[in-house]
Amino acid sequence: MITTVTLNAAIDKTYYLPSFPLGKVSRVQHFHAAPGGKGINVAKVISQLGVPVTATGFVGGMNGEIIRQQLTRMGIAHDFVSVEGESRICLNILDEANGTSTELLEPGPIVNDAALQEMEEKIRSLASQSKIVCFSGSLPAGVPKDFYVNLVTIAKEAGAYVILDASGDALRLGLEAKPDMIKPNEEEVAALLGIEVADEAALQQAVETLLQKYEMDRITVSLGGAGSLAAVKESCYRVTTPKVKVVNTVGCGDSFVAGMAVSLAKGLSLEEGLAVASAAGTSNAMTDQAGQIDPEEFEQLRHQVQITRI
Ligand SMILES: Nc1ncnc2c1ncn2[C@@H]1O[C@H](COP(=O)(O)OP(=O)(O)O)[C@@H](O)[C@H]1O
Ligand SMILES: O=P(O)(O)OC[C@H]1O[C@](O)(COP(=O)(O)O)[C@@H](O)[C@@H]1O
């Protein structure tokens, strides 16, 4: 089993607008709402790839109930910790005229100490039944900035392979617990080392430094439509994804993480894993919803991904 952890679960709402003029009234004709937040998106794609997954995290209020109900309807197992307050809504406004995506992310509920303790116990129990545990996304108020250190440590002690996909302080501090894999973007790599990443050679060097410093198994740096760069102890790879018609890129990173988790759970090689992860990310970019892939397209894309050892 794979466990995904979303400490700030959400309802991801997407408004599809022919145009989005600022300071004007726009009437929304076409919208979509689904359980989201990074880890839940990861769970949705893992499930679409046919691997058993359990989603956990904090949920609260009516939105929390909707998240639980919708995941049940999707056939995704879940085991959340309830908190007071309301789970957030994350709004993505797609302007179809100029192809822009504008995201408005609510802060989410305030988590108390009792819920933090309950979460630690939940991770201990789920990680002991899981090959892979994916921690994804931002921390809601009340969660200490270094909480991922506790959770990553617990999951590793329970014997799981740990993926951490976060940013800012949550990632920087979480690294102290030495997760097995991270999936930063270029900016996050630069921020972690406090450097400027001028070109791909500098990025490769930065990634190798991080890999060594935090004794990780692998780092994949996602580069949007330009693909990704991946490093393990002995080698580094440049991955190029096919050019496609892009509809909505929200959730591409989560789909990539889902592909990586699935390939690790199945014992695939890093190169096979990169093909699966990249194809999942690209397939998500071609759909209008975050955390969704088209199985047929995914299969085709998987064979079109180009991986070069650098
Ligand atoms: N415009 C795009 N065209 C094709 N593939 C994409 C595109 N955007 C993202 N992807 C795929 O999804 C992966 C993750 O996307 P990325 O945007 O880098 O992550 P994040 O959502 O975390 O910023 C990329 O490495 C790539 O494989
Ligand atoms: O938990 P965070 O970091 O606030 O991010 C939440 C948002 O990230 C998303 O999961 C999208 O993430 P990516 O596009 O980076 O994959 C949205 O669905 C969600 O609204």
# chains A, B, ... in the order shown; residues from 1 in each chain; ligands from 1
$ residues_near_ligand --ligand "ligand 2" --cutoff "8 Å" --atoms "only C-alpha atoms and all ligand atoms" --output "ChimeraX atom specification"
/A:6-12,36-41,89-92,103-105,107,136-139,166-167,249-255,290-291
$ write_last_selection --atoms "N, CA and C atoms" --output "mmCIF file, in the first residue's frame"
data_model
loop_
_atom_site.group_PDB
_atom_site.id
_atom_site.type_symbol
_atom_site.label_atom_id
_atom_site.label_comp_id
_atom_site.auth_asym_id
_atom_site.auth_seq_id
_atom_site.Cartn_x
_atom_site.Cartn_y
_atom_site.Cartn_z
ATOM 1 N N THR A 6 -1.814 14.691 3.473
ATOM 2 C CA THR A 6 -2.145 16.072 3.087
ATOM 3 C C THR A 6 -2.529 16.823 4.359
ATOM 4 N N LEU A 7 -1.570 17.542 4.937
ATOM 5 C CA LEU A 7 -1.870 18.201 6.213
ATOM 6 C C LEU A 7 -2.847 19.358 6.012
ATOM 7 N N ASN A 8 -2.869 19.922 4.814
ATOM 8 C CA ASN A 8 -3.830 20.998 4.529
ATOM 9 C C ASN A 8 -4.717 20.586 3.358
ATOM 10 N N ALA A 9 -5.605 19.625 3.647
ATOM 11 C CA ALA A 9 -6.495 19.099 2.596
ATOM 12 C C ALA A 9 -7.404 20.222 2.087
ATOM 13 N N ALA A 10 -7.966 20.016 0.914
ATOM 14 C CA ALA A 10 -8.733 21.104 0.289
ATOM 15 C C ALA A 10 -9.844 20.558 -0.584
ATOM 16 N N ILE A 11 -10.781 21.441 -0.899
ATOM 17 C CA ILE A 11 -11.628 21.179 -2.059
ATOM 18 C C ILE A 11 -11.028 22.039 -3.165
ATOM 19 N N ASP A 12 -10.552 21.394 -4.222
ATOM 20 C CA ASP A 12 -9.984 22.134 -5.359
ATOM 21 C C ASP A 12 -11.133 22.499 -6.297
ATOM 22 N N GLY A 36 -8.951 17.812 -2.986
ATOM 23 C CA GLY A 36 -7.608 18.157 -3.464
ATOM 24 C C GLY A 36 -6.675 18.545 -2.338
ATOM 25 N N GLY A 37 -5.727 19.404 -2.686
ATOM 26 C CA GLY A 37 -4.556 19.583 -1.844
ATOM 27 C C GLY A 37 -3.562 18.571 -2.398
ATOM 28 N N LYS A 38 -2.283 18.883 -2.299
ATOM 29 C CA LYS A 38 -1.297 18.107 -3.056
ATOM 30 C C LYS A 38 -1.369 16.588 -2.815
ATOM 31 N N GLY A 39 -1.377 16.166 -1.546
ATOM 32 C CA GLY A 39 -1.344 14.725 -1.260
ATOM 33 C C GLY A 39 -2.589 13.998 -1.750
ATOM 34 N N ILE A 40 -3.719 14.660 -1.700
ATOM 35 C CA ILE A 40 -4.952 14.012 -2.172
ATOM 36 C C ILE A 40 -4.902 13.867 -3.697
ATOM 37 N N ASN A 41 -4.345 14.874 -4.378
ATOM 38 C CA ASN A 41 -4.140 14.714 -5.830
ATOM 39 C C ASN A 41 -3.228 13.526 -6.118
ATOM 40 N N ILE A 89 -10.804 25.902 0.673
ATOM 41 C CA ILE A 89 -11.107 25.789 -0.761
ATOM 42 C C ILE A 89 -9.930 26.401 -1.504
ATOM 43 N N CYS A 90 -9.420 25.689 -2.504
ATOM 44 C CA CYS A 90 -8.361 26.211 -3.367
ATOM 45 C C CYS A 90 -8.972 26.457 -4.733
ATOM 46 N N LEU A 91 -8.966 27.705 -5.145
ATOM 47 C CA LEU A 91 -9.656 28.088 -6.379
ATOM 48 C C LEU A 91 -8.647 28.309 -7.498
ATOM 49 N N ASN A 92 -8.923 27.673 -8.644
ATOM 50 C CA ASN A 92 -8.083 27.859 -9.831
ATOM 51 C C ASN A 92 -8.963 28.452 -10.919
ATOM 52 N N GLU A 103 -4.426 31.001 -9.221
ATOM 53 C CA GLU A 103 -4.800 30.179 -8.064
ATOM 54 C C GLU A 103 -4.997 31.038 -6.820
ATOM 55 N N LEU A 104 -6.109 30.820 -6.107
ATOM 56 C CA LEU A 104 -6.379 31.491 -4.829
ATOM 57 C C LEU A 104 -6.495 30.388 -3.776
ATOM 58 N N LEU A 105 -5.550 30.345 -2.825
ATOM 59 C CA LEU A 105 -5.500 29.241 -1.863
ATOM 60 C C LEU A 105 -5.859 29.746 -0.467
ATOM 61 N N PRO A 107 -6.278 29.672 3.706
ATOM 62 C CA PRO A 107 -5.268 29.188 4.658
ATOM 63 C C PRO A 107 -5.585 27.809 5.256
ATOM 64 N N SER A 136 2.896 15.678 1.226
ATOM 65 C CA SER A 136 2.823 16.721 0.198
ATOM 66 C C SER A 136 2.119 17.962 0.699
ATOM 67 N N GLY A 137 2.706 19.115 0.397
ATOM 68 C CA GLY A 137 1.993 20.381 0.533
ATOM 69 C C GLY A 137 2.303 21.197 1.757
ATOM 70 N N SER A 138 1.554 22.294 1.860
ATOM 71 C CA SER A 138 1.812 23.300 2.888
ATOM 72 C C SER A 138 1.239 22.868 4.237
ATOM 73 N N LEU A 139 1.635 23.607 5.282
ATOM 74 C CA LEU A 139 1.195 23.298 6.643
ATOM 75 C C LEU A 139 0.119 24.300 7.067
ATOM 76 N N ALA A 166 7.334 19.400 -0.566
ATOM 77 C CA ALA A 166 6.872 20.626 0.099
ATOM 78 C C ALA A 166 7.757 21.762 -0.378
ATOM 79 N N SER A 167 7.511 22.960 0.161
ATOM 80 C CA SER A 167 8.362 24.089 -0.236
ATOM 81 C C SER A 167 8.654 24.956 0.985
ATOM 82 N N THR A 249 -2.312 22.945 -15.988
ATOM 83 C CA THR A 249 -1.111 22.324 -15.406
ATOM 84 C C THR A 249 -1.183 22.169 -13.878
ATOM 85 N N VAL A 250 -2.278 22.605 -13.254
ATOM 86 C CA VAL A 250 -2.383 22.419 -11.793
ATOM 87 C C VAL A 250 -2.465 20.917 -11.501
ATOM 88 N N GLY A 251 -1.620 20.464 -10.599
ATOM 89 C CA GLY A 251 -1.618 19.043 -10.236
ATOM 90 C C GLY A 251 -0.598 18.219 -11.009
ATOM 91 N N CYS A 252 0.163 18.854 -11.928
ATOM 92 C CA CYS A 252 1.176 18.090 -12.693
ATOM 93 C C CYS A 252 2.241 17.527 -11.752
ATOM 94 N N GLY A 253 2.697 18.365 -10.809
ATOM 95 C CA GLY A 253 3.720 17.914 -9.870
ATOM 96 C C GLY A 253 3.206 16.752 -9.028
ATOM 97 N N ASP A 254 1.954 16.838 -8.615
ATOM 98 C CA ASP A 254 1.362 15.769 -7.799
ATOM 99 C C ASP A 254 1.251 14.476 -8.618
ATOM 100 N N SER A 255 0.912 14.623 -9.894
ATOM 101 C CA SER A 255 0.797 13.440 -10.763
ATOM 102 C C SER A 255 2.168 12.804 -10.961
ATOM 103 N N ALA A 290 -7.250 18.976 -11.906
ATOM 104 C CA ALA A 290 -6.014 18.681 -11.178
ATOM 105 C C ALA A 290 -6.068 17.256 -10.637
ATOM 106 N N GLY A 291 -4.980 16.518 -10.793
ATOM 107 C CA GLY A 291 -4.946 15.150 -10.259
ATOM 108 C C GLY A 291 -5.779 14.195 -11.077
#
$ select_by_dssp --residues "region 222-303 of chain A" --states "strand (DSSP E or B)" --output "PyMOL selection string"
chain A and resi 222+228-232+236-240
$ select_by_dssp --residues "region 42-170 of chain A" --states "alpha helix (DSSP H)" --output "JSON, numbers by chain"
{"A": [42, 43, 44, 45, 46, 47, 48, 61, 62, 63, 64, 65, 66, 67, 68, 69, 70, 71, 72, 73, 113, 114, 115, 116, 117, 118, 119, 120, 121, 122, 123, 124, 125, 126, 127, 128, 147, 148, 149, 150, 151, 152, 153, 154, 155, 156, 157, 168, 169, 170]}
$ write_last_selection --atoms "C-alpha atoms" --output "mmCIF file, in the first residue's frame"
data_model
loop_
_atom_site.group_PDB
_atom_site.id
_atom_site.type_symbol
_atom_site.label_atom_id
_atom_site.label_comp_id
_atom_site.auth_asym_id
_atom_site.auth_seq_id
_atom_site.Cartn_x
_atom_site.Cartn_y
_atom_site.Cartn_z
ATOM 1 C CA VAL A 42 -1.274 12.249 -5.503
ATOM 2 C CA ALA A 43 -3.718 9.664 -4.072
ATOM 3 C CA LYS A 44 -6.175 10.208 -6.943
ATOM 4 C CA VAL A 45 -3.513 9.556 -9.578
ATOM 5 C CA ILE A 46 -2.071 6.537 -7.709
ATOM 6 C CA SER A 47 -5.575 5.107 -7.655
ATOM 7 C CA GLN A 48 -6.001 5.763 -11.399
ATOM 8 C CA GLY A 61 -16.062 21.001 8.970
ATOM 9 C CA MET A 62 -18.482 20.522 6.080
ATOM 10 C CA ASN A 63 -15.700 20.723 3.509
ATOM 11 C CA GLY A 64 -13.895 17.970 5.401
ATOM 12 C CA GLU A 65 -17.012 15.795 5.191
ATOM 13 C CA ILE A 66 -17.294 16.471 1.448
ATOM 14 C CA ILE A 67 -13.621 15.498 0.990
ATOM 15 C CA ARG A 68 -14.237 12.207 2.822
ATOM 16 C CA GLN A 69 -17.477 11.449 0.928
ATOM 17 C CA GLN A 70 -16.008 12.213 -2.483
ATOM 18 C CA LEU A 71 -12.924 10.073 -1.864
ATOM 19 C CA THR A 72 -15.224 7.211 -0.815
ATOM 20 C CA ARG A 73 -17.196 7.694 -4.042
ATOM 21 C CA ASP A 113 -1.780 20.007 19.841
ATOM 22 C CA ALA A 114 -4.107 17.047 20.411
ATOM 23 C CA ALA A 115 -4.637 16.702 16.650
ATOM 24 C CA LEU A 116 -0.874 16.899 16.055
ATOM 25 C CA GLN A 117 -0.344 13.996 18.447
ATOM 26 C CA GLU A 118 -3.144 12.034 16.822
ATOM 27 C CA MET A 119 -1.494 12.592 13.437
ATOM 28 C CA GLU A 120 1.822 11.237 14.689
ATOM 29 C CA GLU A 121 0.071 8.062 15.870
ATOM 30 C CA LYS A 122 -1.812 7.790 12.565
ATOM 31 C CA ILE A 123 1.428 8.022 10.568
ATOM 32 C CA ARG A 124 3.079 5.408 12.825
ATOM 33 C CA SER A 125 0.230 3.009 12.139
ATOM 34 C CA LEU A 126 -0.235 3.681 8.385
ATOM 35 C CA ALA A 127 3.512 3.753 7.631
ATOM 36 C CA SER A 128 3.955 0.326 9.220
ATOM 37 C CA PHE A 147 6.433 19.053 11.865
ATOM 38 C CA TYR A 148 7.545 17.150 8.768
ATOM 39 C CA VAL A 149 10.728 16.253 10.703
ATOM 40 C CA ASN A 150 8.609 14.330 13.239
ATOM 41 C CA LEU A 151 6.414 12.677 10.612
ATOM 42 C CA VAL A 152 9.227 11.737 8.214
ATOM 43 C CA THR A 153 11.210 10.271 11.129
ATOM 44 C CA ILE A 154 8.218 8.218 12.297
ATOM 45 C CA ALA A 155 7.491 6.922 8.773
ATOM 46 C CA LYS A 156 11.143 5.986 8.186
ATOM 47 C CA GLU A 157 11.359 4.224 11.559
ATOM 48 C CA GLY A 168 9.831 26.906 1.877
ATOM 49 C CA ASP A 169 10.512 26.243 5.572
ATOM 50 C CA ALA A 170 8.433 23.040 5.587
#
$ residues_near_ligand --ligand "ligand 1" --cutoff "6 Å" --atoms "only C-alpha atoms and all ligand atoms" --output "number ranges by chain"
A: 222-225, 227-228, 241, 243-244, 246, 249-253, 256, 278, 281-282, 285
$ write_last_selection --atoms "C-alpha atoms" --output "PDB file, in the first residue's frame"
ATOM      1  CA  SER A 222      10.401  19.068 -12.133  1.00  0.00           C
ATOM      2  CA  LEU A 223      10.760  21.679 -14.867  1.00  0.00           C
ATOM      3  CA  GLY A 224       7.181  22.034 -16.159  1.00  0.00           C
ATOM      4  CA  GLY A 225       6.883  21.603 -19.943  1.00  0.00           C
ATOM      5  CA  GLY A 227      10.483  17.906 -18.292  1.00  0.00           C
ATOM      6  CA  SER A 228      12.689  17.107 -15.310  1.00  0.00           C
ATOM      7  CA  THR A 241       8.438  14.996 -22.210  1.00  0.00           C
ATOM      8  CA  LYS A 243       5.081  18.542 -26.632  1.00  0.00           C
ATOM      9  CA  VAL A 244       1.325  18.326 -26.046  1.00  0.00           C
ATOM     10  CA  VAL A 246      -1.824  21.864 -22.516  1.00  0.00           C
ATOM     11  CA  THR A 249      -1.111  22.324 -15.406  1.00  0.00           C
ATOM     12  CA  VAL A 250      -2.383  22.419 -11.793  1.00  0.00           C
ATOM     13  CA  GLY A 251      -1.618  19.043 -10.236  1.00  0.00           C
ATOM     14  CA  CYS A 252       1.176  18.090 -12.693  1.00  0.00           C
ATOM     15  CA  GLY A 253       3.720  17.914  -9.870  1.00  0.00           C
ATOM     16  CA  PHE A 256       4.573  13.151 -11.213  1.00  0.00           C
ATOM     17  CA  SER A 278       6.650  12.148 -16.529  1.00  0.00           C
ATOM     18  CA  GLY A 281       2.491  14.695 -15.209  1.00  0.00           C
ATOM     19  CA  THR A 282       2.045  15.343 -18.914  1.00  0.00           C
ATOM     20  CA  ALA A 285      -1.515  18.775 -18.111  1.00  0.00           C
TER      21      ALA A 285
END
$ atom_distance --atom1 "CA of Ile307 (chain A)" --atom2 "CA of Leu268 (chain A)"
14.9 Å
$ closest_residue --among "A:Val207, A:Phe58, A:Lys131, A:His32" --to "Lys266 (chain A)" --atoms "only C-alpha atoms"
A:Lys131
$ residues_around --residues "Ala265 (chain A)" --least-positions-apart "6" --cutoff "9 Å" --atoms "only C-alpha atoms" --output "count of residues only"
5
$ closest_residue --among "A:Ser269, A:Ala141, A:Phe135, A:Arg218" --to "Gly108 (chain A)" --atoms "only C-alpha atoms"
A:Ala141
$ atom_distance --atom1 "CA of Val276 (chain A)" --atom2 "CA of Arg302 (chain A)"
5.8 Å
$ residues_around --residues "Gln29 (chain A)" --least-positions-apart "3" --cutoff "10 Å" --atoms "only C-alpha atoms" --output "PyMOL selection string"
chain A and resi 15-18+26
$ residues_around --residues "Glu187 (chain A)" --least-positions-apart "2" --cutoff "10 Å" --atoms "only C-alpha atoms" --output "VMD selection string"
chain A and resid 167 184 to 185 189 to 192 195 to 197 221 223
$ closest_residue --among "A:Ala201, A:Met286, A:Val5, A:Val162" --to "Pro242 (chain A)" --atoms "only C-alpha atoms"
A:Met286
$ closest_residue --among "A:Val262, A:Val133, A:Leu193, A:Val232" --to "Leu171 (chain A)" --atoms "only C-alpha atoms"
A:Leu193
$ residues_around --residues "Glu208 (chain A)" --least-positions-apart "4" --cutoff "9 Å" --atoms "only C-alpha atoms" --output "ChimeraX atom specification"
/A:203-204,212-213,219,231-233,236
$ write_last_selection --atoms "N, CA and C atoms" --output "compact mmCIF listing (two decimals), in the first residue's frame"
# COMPACT_ATOMS: atom_id res chain seq x y z
N LEU A 203 22.34 23.45 -12.02
CA LEU A 203 21.23 22.72 -11.38
C LEU A 203 21.68 21.30 -11.01
N GLN A 204 22.37 20.67 -11.96
CA GLN A 204 22.86 19.30 -11.70
C GLN A 204 23.79 19.29 -10.49
N GLN A 212 23.81 14.45 -1.52
CA GLN A 212 24.89 14.01 -0.63
C GLN A 212 24.67 14.54 0.80
N LYS A 213 24.33 15.83 0.88
CA LYS A 213 24.19 16.47 2.19
C LYS A 213 23.13 15.78 3.05
N ILE A 219 16.58 12.59 -6.06
CA ILE A 219 15.93 13.90 -6.16
C ILE A 219 15.45 14.04 -7.60
N ALA A 231 18.37 12.81 -10.06
CA ALA A 231 19.69 12.36 -9.62
C ALA A 231 19.57 11.27 -8.57
N VAL A 232 20.39 10.24 -8.71
CA VAL A 232 20.61 9.25 -7.66
C VAL A 232 22.12 9.29 -7.37
N LYS A 233 22.56 8.47 -6.41
CA LYS A 233 23.95 8.56 -5.95
C LYS A 233 24.98 8.57 -7.10
N CYS A 236 22.96 10.93 -13.02
CA CYS A 236 22.02 12.03 -13.18
C CYS A 236 21.35 11.90 -14.55
$ decode --residues "region 194-221 of chain A" --atoms "C-alpha atoms" --output "PDB file, in the first residue's frame"
ATOM      1  CA  GLY A 194      20.785  29.939  -1.041  1.00  0.00           C
ATOM      2  CA  ILE A 195      22.293  30.154  -4.530  1.00  0.00           C
ATOM      3  CA  GLU A 196      21.317  31.224  -8.036  1.00  0.00           C
ATOM      4  CA  VAL A 197      20.935  28.386 -10.501  1.00  0.00           C
ATOM      5  CA  ALA A 198      22.202  29.903 -13.731  1.00  0.00           C
ATOM      6  CA  ASP A 199      21.942  26.908 -16.054  1.00  0.00           C
ATOM      7  CA  GLU A 200      21.404  23.167 -16.220  1.00  0.00           C
ATOM      8  CA  ALA A 201      24.985  22.337 -15.231  1.00  0.00           C
ATOM      9  CA  ALA A 202      24.545  24.454 -12.084  1.00  0.00           C
ATOM     10  CA  LEU A 203      21.233  22.720 -11.378  1.00  0.00           C
ATOM     11  CA  GLN A 204      22.858  19.300 -11.704  1.00  0.00           C
ATOM     12  CA  GLN A 205      25.628  20.330  -9.325  1.00  0.00           C
ATOM     13  CA  ALA A 206      23.133  21.769  -6.823  1.00  0.00           C
ATOM     14  CA  VAL A 207      21.049  18.594  -6.879  1.00  0.00           C
ATOM     15  CA  GLU A 208      24.120  16.407  -6.348  1.00  0.00           C
ATOM     16  CA  THR A 209      25.110  18.598  -3.367  1.00  0.00           C
ATOM     17  CA  LEU A 210      21.655  18.203  -1.797  1.00  0.00           C
ATOM     18  CA  LEU A 211      21.590  14.467  -2.430  1.00  0.00           C
ATOM     19  CA  GLN A 212      24.888  14.012  -0.633  1.00  0.00           C
ATOM     20  CA  LYS A 213      24.195  16.467   2.187  1.00  0.00           C
ATOM     21  CA  TYR A 214      20.894  14.876   3.209  1.00  0.00           C
ATOM     22  CA  GLU A 215      21.815  11.286   2.233  1.00  0.00           C
ATOM     23  CA  MET A 216      18.762  10.901   0.026  1.00  0.00           C
ATOM     24  CA  ASP A 217      18.051   8.083  -2.410  1.00  0.00           C
ATOM     25  CA  ARG A 218      16.878  10.363  -5.248  1.00  0.00           C
ATOM     26  CA  ILE A 219      15.929  13.899  -6.161  1.00  0.00           C
ATOM     27  CA  THR A 220      13.735  14.763  -9.122  1.00  0.00           C
ATOM     28  CA  VAL A 221      13.530  18.414 -10.117  1.00  0.00           C
TER      29      VAL A 221
END
